[in-house]
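*Asks:* This structure is in structure tokens; I'll ask about it shortly.
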Amino acid sequence: MNSRFGASTSDAFALAGAPRVDIVAQRPKLRDTEMRPVLLVPGINNSGPAHWQSIWQQCHPDVRRVAQRDWDHPVCDEWTDALDRAIAVAGEPPIIVAHSLGCLVAAHWAARSKRAVHSMVLVAVPDPEGPAFPVQAAHGFAQLPRELGGTRVMLVSSTDDPYSSTAFTARCVADWQAEHVSLGAAGHINADSALGAWPQGWSLVNRWRDA
């Protein structure tokens with residue numbers, strides 16, 4: 001299975017116990033005001049140190065990550081339950097920022113749960129019926145919901161994402177009534193895309209943090 005689905009090749013291990021890449025130490029700390037929390041939902045294999053999700057978590061004290069029992073063999077029900085528990089203890093409705101398969105987790109959760117979130121930013125939504133989807137490793141993610149319970153959604157896409165297509169992206173945007181941001185040719189919008197801290201992405205999230 002290509003580990004670039006949820007992360008880059010260098011991302012294919014959990015942060016716990018992994019050597020820290022001193023990527024953030026070279027940048028000044030970003031300052032946060034008292035704004036609502038951000039909850040990260042990584043994809044398969046987790047997001048490693050060079051992934052923008054990990055950099056955001058290191059830079060911002062109110063950014064947290066949903067922990068999964070098994071990052072390499074996602075099961076939809078198990079992962080959505082973990083997301084629900086993380087939202088329940090967030091203190092206030094968070095902004096969900098999901099990447100790759102994490103977007104499918106967030107979509108299935110939103111269609112099932114009555115629990116409130118402020119909004120969701122879904123980055124590089126993969127097509128669960130596409131040819132590159134890791135069907136041998138990930139289970140229960142097909143048949144994406146058409147409605148997300150009225151949750152406000154922003155969908156961020158790339159025109160050359162190997163796990164999606166422009167037609168699939170357009171369908172998700174229409175079904176979920178999402179605001180759409182296209183980055184052009186940016187691959188899977190992961191560490192292999194060389195985005196670093198991805199300040200453009202953080203500015204998109206920050207628009208909603210104090211709204």
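Ordering of the structure tokens sets the chain letters (A, B, ...); residue numbers start at 1 within each chain; ligands are numbered from 1 in the order shown.
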Skipping near chain neighbours, those fewer than 4 positions away, what residues fall within 8 Å of A:Arg64 using only C-alpha atoms, listed as an MDAnalysis selection string?
*Replies:* chainID A and resid 37:40 57
*Asks:* Give me, as a ChimeraX atom specification, the residues of chain A that a backbone DSSP run labels alpha helix (DSSP H).
*Replies:* /A:52-59,76-88,101-112,166-176,199-209
*Asks:* What's around A:Val97 at 9 Å? Count only C-alpha atoms, leave out sequence neighbours fewer than 3 positions away in its own chain, and write the answer as a PyMOL selection string.
*Replies:* chain A and resi 38-42+53+102-103+106+119-123+205
*Asks:* At what distance in Å, to one decimal, does atom CA of A:Pro128 lie from atom CA of A:Leu101?
*Replies:*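 These two atoms are separated by 8.6 Å.
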*Asks:* Using only C-alpha atoms, which residues of stretch 39-65 of chain A come within 12 Å of stretch 206-209 of chain A, and what is the closest atom pair for each, with the distance in Å to one decimal? Give it as CSV, sorted by chain and residue number.
*Replies:*
```
residue,atom,partner,partner_atom,distance
A:Leu39,CA,A:Arg209,CA,11.6
A:Trp56,CA,A:Asn206,CA,11.8
A:His60,CA,A:Asn206,CA,11.7
A:Asp62,CA,A:Arg209,CA,10.9
A:Val63,CA,A:Arg209,CA,11.3
```
*Asks:* Could you go through stretch 90-172 of chain A and tell me which residues DSSP, when run on the backbone, assigns to strand (DSSP E), listing them as a list in words?
*Replies:*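 Listing strand (DSSP E) positions across stretch 90-172 of chain A yields Ile95, Ile96, Val97, Ala98, His99, Ser119, Met120, Val121, Leu122, Val123, Val153, Met154, Leu155, Val156 and Ser157 of chain A.
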*Asks:* For A:Val125, work out the shell of residues within 12 Å, counting only C-alpha atoms and skipping chain neighbours fewer than 2 positions away, then give it as a PDB file with C-alpha atoms, in the first residue's frame.
*Replies:*
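As written to disk, result_35.pdb reads:
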```pdb
ATOM      1  CA  PHE A   5      -2.436   8.115   1.102  1.00  0.00           C
ATOM      2  CA  GLY A   6      -2.715   9.575   4.602  1.00  0.00           C
ATOM      3  CA  PRO A  42      -5.157  12.614  10.289  1.00  0.00           C
ATOM      4  CA  GLY A  43      -5.494   9.945   7.657  1.00  0.00           C
ATOM      5  CA  VAL A  97      -9.363  19.953  10.379  1.00  0.00           C
ATOM      6  CA  ALA A  98      -9.149  16.605   8.609  1.00  0.00           C
ATOM      7  CA  HIS A  99      -6.728  15.330   6.006  1.00  0.00           C
ATOM      8  CA  SER A 100      -7.150  12.494   3.508  1.00  0.00           C
ATOM      9  CA  LEU A 101      -8.962   9.490   5.007  1.00  0.00           C
ATOM     10  CA  GLY A 102      -9.569  11.653   8.073  1.00  0.00           C
ATOM     11  CA  CYS A 103     -11.999  13.623   5.885  1.00  0.00           C
ATOM     12  CA  LEU A 104     -14.065  10.474   5.355  1.00  0.00           C
ATOM     13  CA  VAL A 105     -14.034   9.897   9.111  1.00  0.00           C
ATOM     14  CA  ALA A 106     -15.292  13.449   9.682  1.00  0.00           C
ATOM     15  CA  ALA A 107     -17.998  13.102   7.025  1.00  0.00           C
ATOM     16  CA  VAL A 121     -12.069  21.946   7.039  1.00  0.00           C
ATOM     17  CA  LEU A 122     -11.621  18.866   4.849  1.00  0.00           C
ATOM     18  CA  VAL A 123      -8.292  18.731   3.027  1.00  0.00           C
ATOM     19  CA  ASP A 127     -12.549   8.951  -3.282  1.00  0.00           C
ATOM     20  CA  PRO A 128     -13.341   5.710  -1.399  1.00  0.00           C
ATOM     21  CA  GLU A 129     -14.385   4.134  -4.693  1.00  0.00           C
ATOM     22  CA  GLY A 130     -11.365   5.363  -6.635  1.00  0.00           C
ATOM     23  CA  PHE A 133      -8.067   3.817  -2.337  1.00  0.00           C
ATOM     24  CA  PHE A 141     -15.605   4.122   4.410  1.00  0.00           C
ATOM     25  CA  LEU A 144     -20.180   8.582   1.637  1.00  0.00           C
ATOM     26  CA  MET A 154     -14.762  24.044   3.673  1.00  0.00           C
ATOM     27  CA  LEU A 155     -13.241  21.589   1.197  1.00  0.00           C
ATOM     28  CA  VAL A 156      -9.630  22.134   0.101  1.00  0.00           C
ATOM     29  CA  SER A 157      -8.548  20.224  -2.986  1.00  0.00           C
ATOM     30  CA  SER A 158      -5.730  19.723  -5.471  1.00  0.00           C
ATOM     31  CA  THR A 159      -6.149  19.246  -9.208  1.00  0.00           C
ATOM     32  CA  ASP A 161      -4.465  14.530  -6.159  1.00  0.00           C
ATOM     33  CA  PRO A 162      -3.776  10.836  -6.930  1.00  0.00           C
ATOM     34  CA  TYR A 163      -6.548   9.769  -4.549  1.00  0.00           C
ATOM     35  CA  SER A 164      -9.298  11.999  -5.915  1.00  0.00           C
ATOM     36  CA  SER A 165     -10.605  13.604  -9.099  1.00  0.00           C
ATOM     37  CA  THR A 166     -12.135  16.918 -10.065  1.00  0.00           C
ATOM     38  CA  PHE A 168     -15.461  13.560  -7.199  1.00  0.00           C
ATOM     39  CA  THR A 169     -14.465  16.851  -5.565  1.00  0.00           C
ATOM     40  CA  ALA A 170     -17.261  18.704  -7.355  1.00  0.00           C
ATOM     41  CA  ARG A 171     -19.773  16.114  -6.185  1.00  0.00           C
ATOM     42  CA  CYS A 172     -18.656  16.452  -2.546  1.00  0.00           C
ATOM     43  CA  VAL A 173     -18.774  20.252  -2.734  1.00  0.00           C
ATOM     44  CA  HIS A 180     -14.362  25.155  -2.061  1.00  0.00           C
ATOM     45  CA  SER A 182      -8.529  24.709  -4.933  1.00  0.00           C
ATOM     46  CA  GLY A 187      -0.547  16.539  -5.012  1.00  0.00           C
ATOM     47  CA  HIS A 188      -2.162  14.995  -1.951  1.00  0.00           C
ATOM     48  CA  ILE A 189      -1.579  18.178   0.103  1.00  0.00           C
ATOM     49  CA  ASN A 190       0.694  16.316   2.505  1.00  0.00           C
TER      50      ASN A 190
END
```
*Asks:* Calculated over only C-alpha atoms, which of the candidates A:Gln68, A:Thr151, A:Ser54, A:Gln143 has the smallest distance to A:His118?
*Replies:*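 Looking only at the distances to A:His118, the closest residue turns out to be A:Thr151.
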*Asks:* Taking only C-alpha atoms into account, which of A:Val181, A:Ile44, A:Arg146, A:Pro131 comes nearest A:Trp79?
*Replies:*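 With only C-alpha atoms as the atom set, the closest residue is A:Ile44.
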*Asks:* Could you state the separation of atom CA of A:Leu83 and atom CA of A:Arg115 in Å, given to one decimal place?
*Replies:* 10.9 Å
*Asks:* Write out as a ChimeraX atom specification the residues lying within 7 Å of A:Ala138, counting only C-alpha atoms and excluding same-chain residues fewer than 6 positions away.
*Replies:* /A:73-75
*Asks:* Using atom CA of A:Arg36 and atom CA of A:Leu204 as the two end points, give the distance in Å to one decimal.
*Replies:*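 Pair atom CA of A:Arg36 / atom CA of A:Leu204 returns 14.2 Å.
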*Asks:* Would you pick out the contacts of stretch 194-199 of chain A at 8 Å or less, using only C-alpha atoms, so that residues sharing its chain but fewer than 2 positions from it are not included, and give the list as a list in words?
*Replies:* Ala50, His51, Trp52, Ile55, Trp56, Ile189, Asn190, Ala191, Asp192, Gly201, Trp202 and Ser203 of chain A
*Asks:* Considering only C-alpha atoms, can you say which of A:Ala116, A:Ala142, A:Ala137, A:Ala111 comes closest to A:Trp176?
*Replies:*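 Nearest to A:Trp176: A:Ala111.
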